[in-house]
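Quick notes on the structure that follows.
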Amino acid sequence: MAPRAMRILLAAAAIATGPAALAATGLATLPATATQGPITLLYPTQDAPAALQRGPFTLQAAVDALPARGNGRLVVLSHGSGGSVWPQFDMASALVAAGFTVAMPLHQGDNFEDTSDVGPVSWARRPQEVSRAIDAVAALAAPGGRLAPLQLDLQRVGAYGMSAGGLTALALAGGRWSPALLAQHCDAHIEQDFAACVGLSTELTGGVLDSAKIGIAQRVIRAKLGGDTAWRSWSEPRIAAVVSAVPMAAPFDMASLATPRVPLGLVRAGRDAWLAPRWHSDAVRAACAERCTLLADMAQGGHGAILSPAVPGLSGALGRLLNDPPGFDRSTLAQVYDAITAFFVKNPGTAPTRTP
């Protein structure tokens, strides 16, 4: 996007959101239920922020602060596999600064405390958890509720996700996927996209054992996923715009993404070693062509480049896949977050027609 166009959109955002654009970030947590992990809410407030410690991260927010009227829009953020909501905090805060309210569910069985369902089991459940997050916010945003001052329009919600969250976002945009398609991809391209197929269980080193690792992995993947051809999809009419960053996309029927159901923005990382762009973000972009928008191309960025604050102290295979490659400039993330914010401002969507 041209710099002038970006300035115009951001100016429009400031006008649309009014005084709340200068508000601080309020933070509240909705407790877990039997069918939903905890949901972290960020929202505009006039209360003063304070330093908070959440795991290794020091954040600035006002805990359980009184909400202030923003732009009336909600964006739901879906984190990556084995992830946490906190490395999304800086982007979420940029959305709050533009007047948005942000909901960040912790996905059950696929988070930093519990990885028992990482992969297709969690992938199929994640879009439903986004819907439940909208429901939870709606219950609190009703007249007299805790979030009522936000005056949210919950018929026009934005969705963002990265990595496995990017898969969630693509499903919410109308895409369909199956485990069998992932097995087929790994049969054909496992050497070039090994981390996407195998995860952190092992690595290719260029040594004599690589061919054995590839063969074993293909057999295991074929046995576990190859026969599961059922399509996974999810219809959520309240979602009005979607941004998918560095998505897990190989399991998708790309024809289902050729005409997204809603405006679709993409974020690419050119040096992504976990989800090689050729097979994931670039494949989606090729499928949707002019019907989607490349919001940011972080040419020197790795898989974790979109995350801020960055996860500290990563080593081994996880560090090699998530840490920033040499030469990536984290100061450019502000521009990426501005582009994502502007996309949600530009695409407010149309509220669904209610039937009597």
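Following the order of the structure tokens, chains are lettered A, B, ..., residues in each are numbered from 1, and ligands are numbered from 1.
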Please identify which residues in region 93-192 of chain A DSSP calls strand (DSSP E or B) from the backbone, and express them as a PyMOL selection string. chain A and resi 101-105+111+114+157-162+177
Suppose we keep N, CA, C and O atoms; can you now write the selection as a CSV table (one decimal), in the first residue's frame?
```
chain,number,residue,atom,x,y,z
A,101,THR,N,-11.9,-3.2,20.2
A,101,THR,CA,-11.8,-4.2,21.3
A,101,THR,C,-11.3,-5.5,20.8
A,101,THR,O,-11.6,-5.9,19.6
A,102,VAL,N,-10.4,-6.1,21.5
A,102,VAL,CA,-9.7,-7.3,21.1
A,102,VAL,C,-10.0,-8.5,22.0
A,102,VAL,O,-9.9,-8.3,23.3
A,103,ALA,N,-10.4,-9.6,21.5
A,103,ALA,CA,-10.6,-10.8,22.3
A,103,ALA,C,-9.5,-11.9,21.9
A,103,ALA,O,-9.4,-12.2,20.7
A,104,MET,N,-8.8,-12.5,22.8
A,104,MET,CA,-7.8,-13.4,22.5
A,104,MET,C,-8.0,-14.7,23.3
A,104,MET,O,-7.6,-14.8,24.5
A,105,PRO,N,-8.7,-15.7,22.7
A,105,PRO,CA,-8.9,-17.0,23.4
A,105,PRO,C,-7.6,-17.8,23.4
A,105,PRO,O,-6.8,-17.8,22.5
A,111,ASN,N,-1.8,-24.9,23.4
A,111,ASN,CA,-1.3,-23.7,24.0
A,111,ASN,C,0.0,-24.0,24.7
A,111,ASN,O,0.4,-25.2,24.8
A,114,ASP,N,-0.5,-26.7,27.4
A,114,ASP,CA,-1.2,-28.0,27.0
A,114,ASP,C,-1.1,-28.1,25.5
A,114,ASP,O,-1.8,-27.4,24.8
A,157,VAL,N,-17.6,-8.5,13.0
A,157,VAL,CA,-16.4,-8.8,13.8
A,157,VAL,C,-15.2,-9.1,12.8
A,157,VAL,O,-15.4,-9.7,11.8
A,158,GLY,N,-14.0,-8.6,13.2
A,158,GLY,CA,-12.8,-9.0,12.5
A,158,GLY,C,-12.1,-10.2,13.1
A,158,GLY,O,-12.3,-10.5,14.3
A,159,ALA,N,-11.4,-10.9,12.3
A,159,ALA,CA,-10.6,-12.1,12.8
A,159,ALA,C,-9.2,-12.1,12.3
A,159,ALA,O,-9.0,-11.8,11.1
A,160,TYR,N,-8.3,-12.3,13.2
A,160,TYR,CA,-6.8,-12.4,12.8
A,160,TYR,C,-6.3,-13.6,13.4
A,160,TYR,O,-6.6,-14.1,14.5
A,161,GLY,N,-5.3,-14.3,12.7
A,161,GLY,CA,-4.6,-15.4,13.3
A,161,GLY,C,-3.3,-15.6,12.6
A,161,GLY,O,-3.1,-15.2,11.4
A,162,MET,N,-2.3,-16.1,13.3
A,162,MET,CA,-1.0,-16.4,12.8
A,162,MET,C,-0.7,-17.9,12.9
A,162,MET,O,-1.1,-18.5,13.9
A,177,TRP,N,-10.7,-27.6,4.5
A,177,TRP,CA,-9.4,-28.3,4.6
A,177,TRP,C,-9.7,-29.7,5.1
A,177,TRP,O,-10.8,-30.0,5.6
```
Counting only C-alpha atoms, which residues of region 291-328 of chain A fall within 9 Å of region 37-57 of chain A, and what is the closest atom pair for each with its distance in Å at one decimal, ordered by chain and rising number, as a tab-separated table?
```
residue	atom	partner	partner_atom	distance
A:Pro309	CA	A:Phe57	CA	7.1
A:Ala310	CA	A:Phe57	CA	8.8
A:Val311	CA	A:Pro56	CA	8.0
A:Pro312	CA	A:Pro56	CA	7.4
```
Skipping near chain neighbours, those fewer than 5 positions away, what residues fall within 10 Å of region 218-234 of chain A using only C-alpha atoms, listed as a VMD selection string? chain A and resid 120 123 to 128 131 168 170 to 184 186 to 188 190 197 to 198 212 to 213 251 to 253
Keeping only C-alpha atoms, take the residues you just selected and write them out as a PDB file, in the first residue's frame.
```pdb
ATOM      1  CA  PRO A 120      -5.907 -31.329  13.104  1.00  0.00           C
ATOM      2  CA  TRP A 123      -7.443 -26.933  14.014  1.00  0.00           C
ATOM      3  CA  ALA A 124     -11.006 -28.209  13.645  1.00  0.00           C
ATOM      4  CA  ARG A 125     -12.013 -26.784  17.044  1.00  0.00           C
ATOM      5  CA  ARG A 126     -10.375 -23.369  16.797  1.00  0.00           C
ATOM      6  CA  PRO A 127     -12.987 -21.591  14.610  1.00  0.00           C
ATOM      7  CA  GLN A 128     -15.683 -22.768  17.021  1.00  0.00           C
ATOM      8  CA  SER A 131     -17.419 -18.099  17.758  1.00  0.00           C
ATOM      9  CA  THR A 168      -8.233 -20.594  11.750  1.00  0.00           C
ATOM     10  CA  LEU A 170      -8.618 -18.953   6.505  1.00  0.00           C
ATOM     11  CA  ALA A 171     -11.392 -21.273   7.682  1.00  0.00           C
ATOM     12  CA  LEU A 172     -13.363 -18.239   8.892  1.00  0.00           C
ATOM     13  CA  ALA A 173     -12.853 -16.665   5.458  1.00  0.00           C
ATOM     14  CA  GLY A 174     -14.640 -19.629   3.870  1.00  0.00           C
ATOM     15  CA  GLY A 175     -11.827 -22.105   3.283  1.00  0.00           C
ATOM     16  CA  ARG A 176     -12.199 -25.849   3.719  1.00  0.00           C
ATOM     17  CA  TRP A 177      -9.416 -28.299   4.572  1.00  0.00           C
ATOM     18  CA  SER A 178      -8.804 -31.948   5.345  1.00  0.00           C
ATOM     19  CA  PRO A 179      -6.078 -33.968   7.093  1.00  0.00           C
ATOM     20  CA  ALA A 180      -5.742 -36.070   3.933  1.00  0.00           C
ATOM     21  CA  LEU A 181      -4.649 -33.028   1.940  1.00  0.00           C
ATOM     22  CA  LEU A 182      -1.885 -32.405   4.463  1.00  0.00           C
ATOM     23  CA  ALA A 183      -0.800 -36.065   4.118  1.00  0.00           C
ATOM     24  CA  GLN A 184      -0.719 -35.685   0.340  1.00  0.00           C
ATOM     25  CA  CYS A 186       3.826 -34.227   2.970  1.00  0.00           C
ATOM     26  CA  ASP A 187       4.094 -37.204   0.618  1.00  0.00           C
ATOM     27  CA  ALA A 188       5.053 -34.857  -2.205  1.00  0.00           C
ATOM     28  CA  ILE A 190       8.173 -33.195   2.938  1.00  0.00           C
ATOM     29  CA  CYS A 197       4.877 -31.796   8.322  1.00  0.00           C
ATOM     30  CA  VAL A 198       6.815 -32.985  11.382  1.00  0.00           C
ATOM     31  CA  ALA A 212      15.289 -42.372   7.135  1.00  0.00           C
ATOM     32  CA  LYS A 213      13.648 -39.480   8.983  1.00  0.00           C
ATOM     33  CA  PRO A 251      -4.264 -28.758   4.186  1.00  0.00           C
ATOM     34  CA  PHE A 252      -6.629 -26.397   2.318  1.00  0.00           C
ATOM     35  CA  ASP A 253      -8.596 -26.975  -0.825  1.00  0.00           C
TER      36      ASP A 253
END
```
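Our summary of the geometry notes that CA of Ala283 (chain A) is positioned 19.8 Å from CA of Gly119 (chain A).
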Alpha helix (DSSP H) residues, from DSSP on the backbone, in region 179-338 of chain A, as a PyMOL selection string: chain A and resi 179-189+194-198+210-225+281-288+316-322+333-338
Separation of CA of Phe100 (chain A) from CA of Val345 (chain A) in Å: 9.2 Å
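Remark: for Leu322 (chain A), the closest of the candidate residues A:Ala148, A:Met298, A:Leu106, A:Leu275 is A:Leu275 (distances computed over only C-alpha atoms).
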Compile a residue-level contact table for region 222-242 of chain A against region 66-86 of chain A at a cut-off of 12 Å, reporting for every qualifying residue the shortest atom pair and its distance in Å to one decimal, with only C-alpha atoms counted, rows ordered by chain and ascending number, as CSV.
```
residue,atom,partner,partner_atom,distance
A:Arg238,CA,A:Leu74,CA,10.4
A:Ile239,CA,A:Val75,CA,9.0
A:Ala240,CA,A:Val75,CA,9.8
A:Ala241,CA,A:Val75,CA,9.1
A:Val242,CA,A:Val75,CA,9.2
```
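The residue set within 12 Å of Pro326 (chain A), counting only C-alpha atoms and dropping same-chain residues fewer than 4 places from it, reads Arg271, Ala299, Gln300, Gly301, Gly302, Ala305, Arg320 and Arg330 of chain A.
Among the candidate residues A:Ile216, A:Met254, A:Ile306, A:Ala249, the one lying nearest to Ser331 (chain A) is A:Ile306, with distances computed using only C-alpha atoms.
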Provide the CA of Leu266 (chain A) to CA of Leu30 (chain A) distance in Å, to one decimal place. 29.0 Å
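If only C-alpha atoms are the atoms counted, then among A:Gly99, A:Gly319, A:Gly199, A:Pro149 the closest residue to Ala24 (chain A) is A:Gly99.
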Just the residues within 12 Å of Ala139 (chain A), please, counting only C-alpha atoms, with nothing from its chain fewer than 6 positions along; format it as a ChimeraX atom specification. /A:30,132-133,145-148,152,154
Export of the given selection (N, CA and C atoms) as a compact mmCIF listing (two decimals), in the first residue's frame:
```
# COMPACT_ATOMS: atom_id res chain seq x y z
N LEU A 30 -11.58 -13.38 30.96
CA LEU A 30 -12.77 -14.19 31.18
C LEU A 30 -12.32 -15.61 31.51
N ARG A 132 -17.30 -18.90 20.05
CA ARG A 132 -17.63 -18.85 21.48
C ARG A 132 -17.07 -17.59 22.14
N ALA A 133 -15.91 -17.14 21.66
CA ALA A 133 -15.35 -15.89 22.19
C ALA A 133 -16.26 -14.72 21.87
N GLY A 145 -24.27 -4.64 31.00
CA GLY A 145 -23.16 -5.55 31.20
C GLY A 145 -21.84 -4.83 31.40
N ARG A 146 -20.86 -5.60 31.78
CA ARG A 146 -19.52 -5.07 32.10
C ARG A 146 -18.91 -4.31 30.92
N LEU A 147 -19.17 -4.79 29.68
CA LEU A 147 -18.59 -4.16 28.49
C LEU A 147 -19.57 -3.27 27.75
N ALA A 148 -20.73 -2.99 28.34
CA ALA A 148 -21.74 -2.19 27.66
C ALA A 148 -21.22 -0.82 27.20
N LEU A 152 -20.55 -2.29 21.37
CA LEU A 152 -20.00 -3.10 20.29
C LEU A 152 -21.07 -3.56 19.30
N LEU A 154 -21.58 -6.51 17.26
CA LEU A 154 -21.04 -7.85 17.19
C LEU A 154 -21.58 -8.63 16.00
```
Write out as a list in words which residues come within 9 Å of Ala276 (chain A) when counting only C-alpha atoms, dropping same-chain ones fewer than 5 positions away. Gln192, Asp193, Ala195, Ala196, Val246, Ala269, Gly270, Arg271, Ser281, Asp282 and His303 of chain A
With N, CA, C and O atoms retained, export the selected residues as a CSV table (one decimal), in the first residue's frame.
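In the end it all went to part.csv:
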```
chain,number,residue,atom,x,y,z
A,192,GLN,N,11.1,-30.4,1.4
A,192,GLN,CA,11.2,-28.9,1.3
A,192,GLN,C,10.3,-28.2,2.4
A,192,GLN,O,10.5,-27.0,2.6
A,193,ASP,N,9.4,-28.9,3.0
A,193,ASP,CA,8.5,-28.3,4.0
A,193,ASP,C,8.5,-29.2,5.3
A,193,ASP,O,7.4,-29.5,5.8
A,195,ALA,N,9.5,-29.0,8.5
A,195,ALA,CA,9.0,-28.6,9.8
A,195,ALA,C,7.5,-28.5,9.8
A,195,ALA,O,6.8,-28.8,10.8
A,196,ALA,N,6.8,-28.1,8.7
A,196,ALA,CA,5.4,-28.0,8.6
A,196,ALA,C,4.8,-29.4,8.8
A,196,ALA,O,3.7,-29.6,9.4
A,246,VAL,N,1.2,-15.7,8.1
A,246,VAL,CA,2.1,-16.9,8.0
A,246,VAL,C,1.3,-18.1,8.3
A,246,VAL,O,1.6,-18.9,9.2
A,269,ALA,N,6.0,-13.9,5.5
A,269,ALA,CA,7.4,-13.8,6.1
A,269,ALA,C,8.3,-14.5,5.1
A,269,ALA,O,8.2,-15.8,5.0
A,270,GLY,N,9.2,-13.8,4.4
A,270,GLY,CA,10.0,-14.4,3.3
A,270,GLY,C,11.0,-15.5,3.8
A,270,GLY,O,11.3,-16.3,3.0
A,271,ARG,N,11.4,-15.4,5.0
A,271,ARG,CA,12.4,-16.4,5.5
A,271,ARG,C,11.8,-17.3,6.6
A,271,ARG,O,12.4,-17.8,7.5
A,281,SER,N,1.6,-19.4,2.6
A,281,SER,CA,1.1,-18.0,2.3
A,281,SER,C,1.1,-17.7,0.8
A,281,SER,O,0.1,-17.1,0.3
A,282,ASP,N,2.1,-18.1,0.1
A,282,ASP,CA,2.2,-17.8,-1.3
A,282,ASP,C,1.1,-18.6,-2.1
A,282,ASP,O,0.5,-18.2,-3.1
A,303,HIS,N,9.3,-17.1,10.9
A,303,HIS,CA,7.9,-17.4,11.3
A,303,HIS,C,7.4,-16.6,12.5
A,303,HIS,O,6.2,-16.3,12.6
```
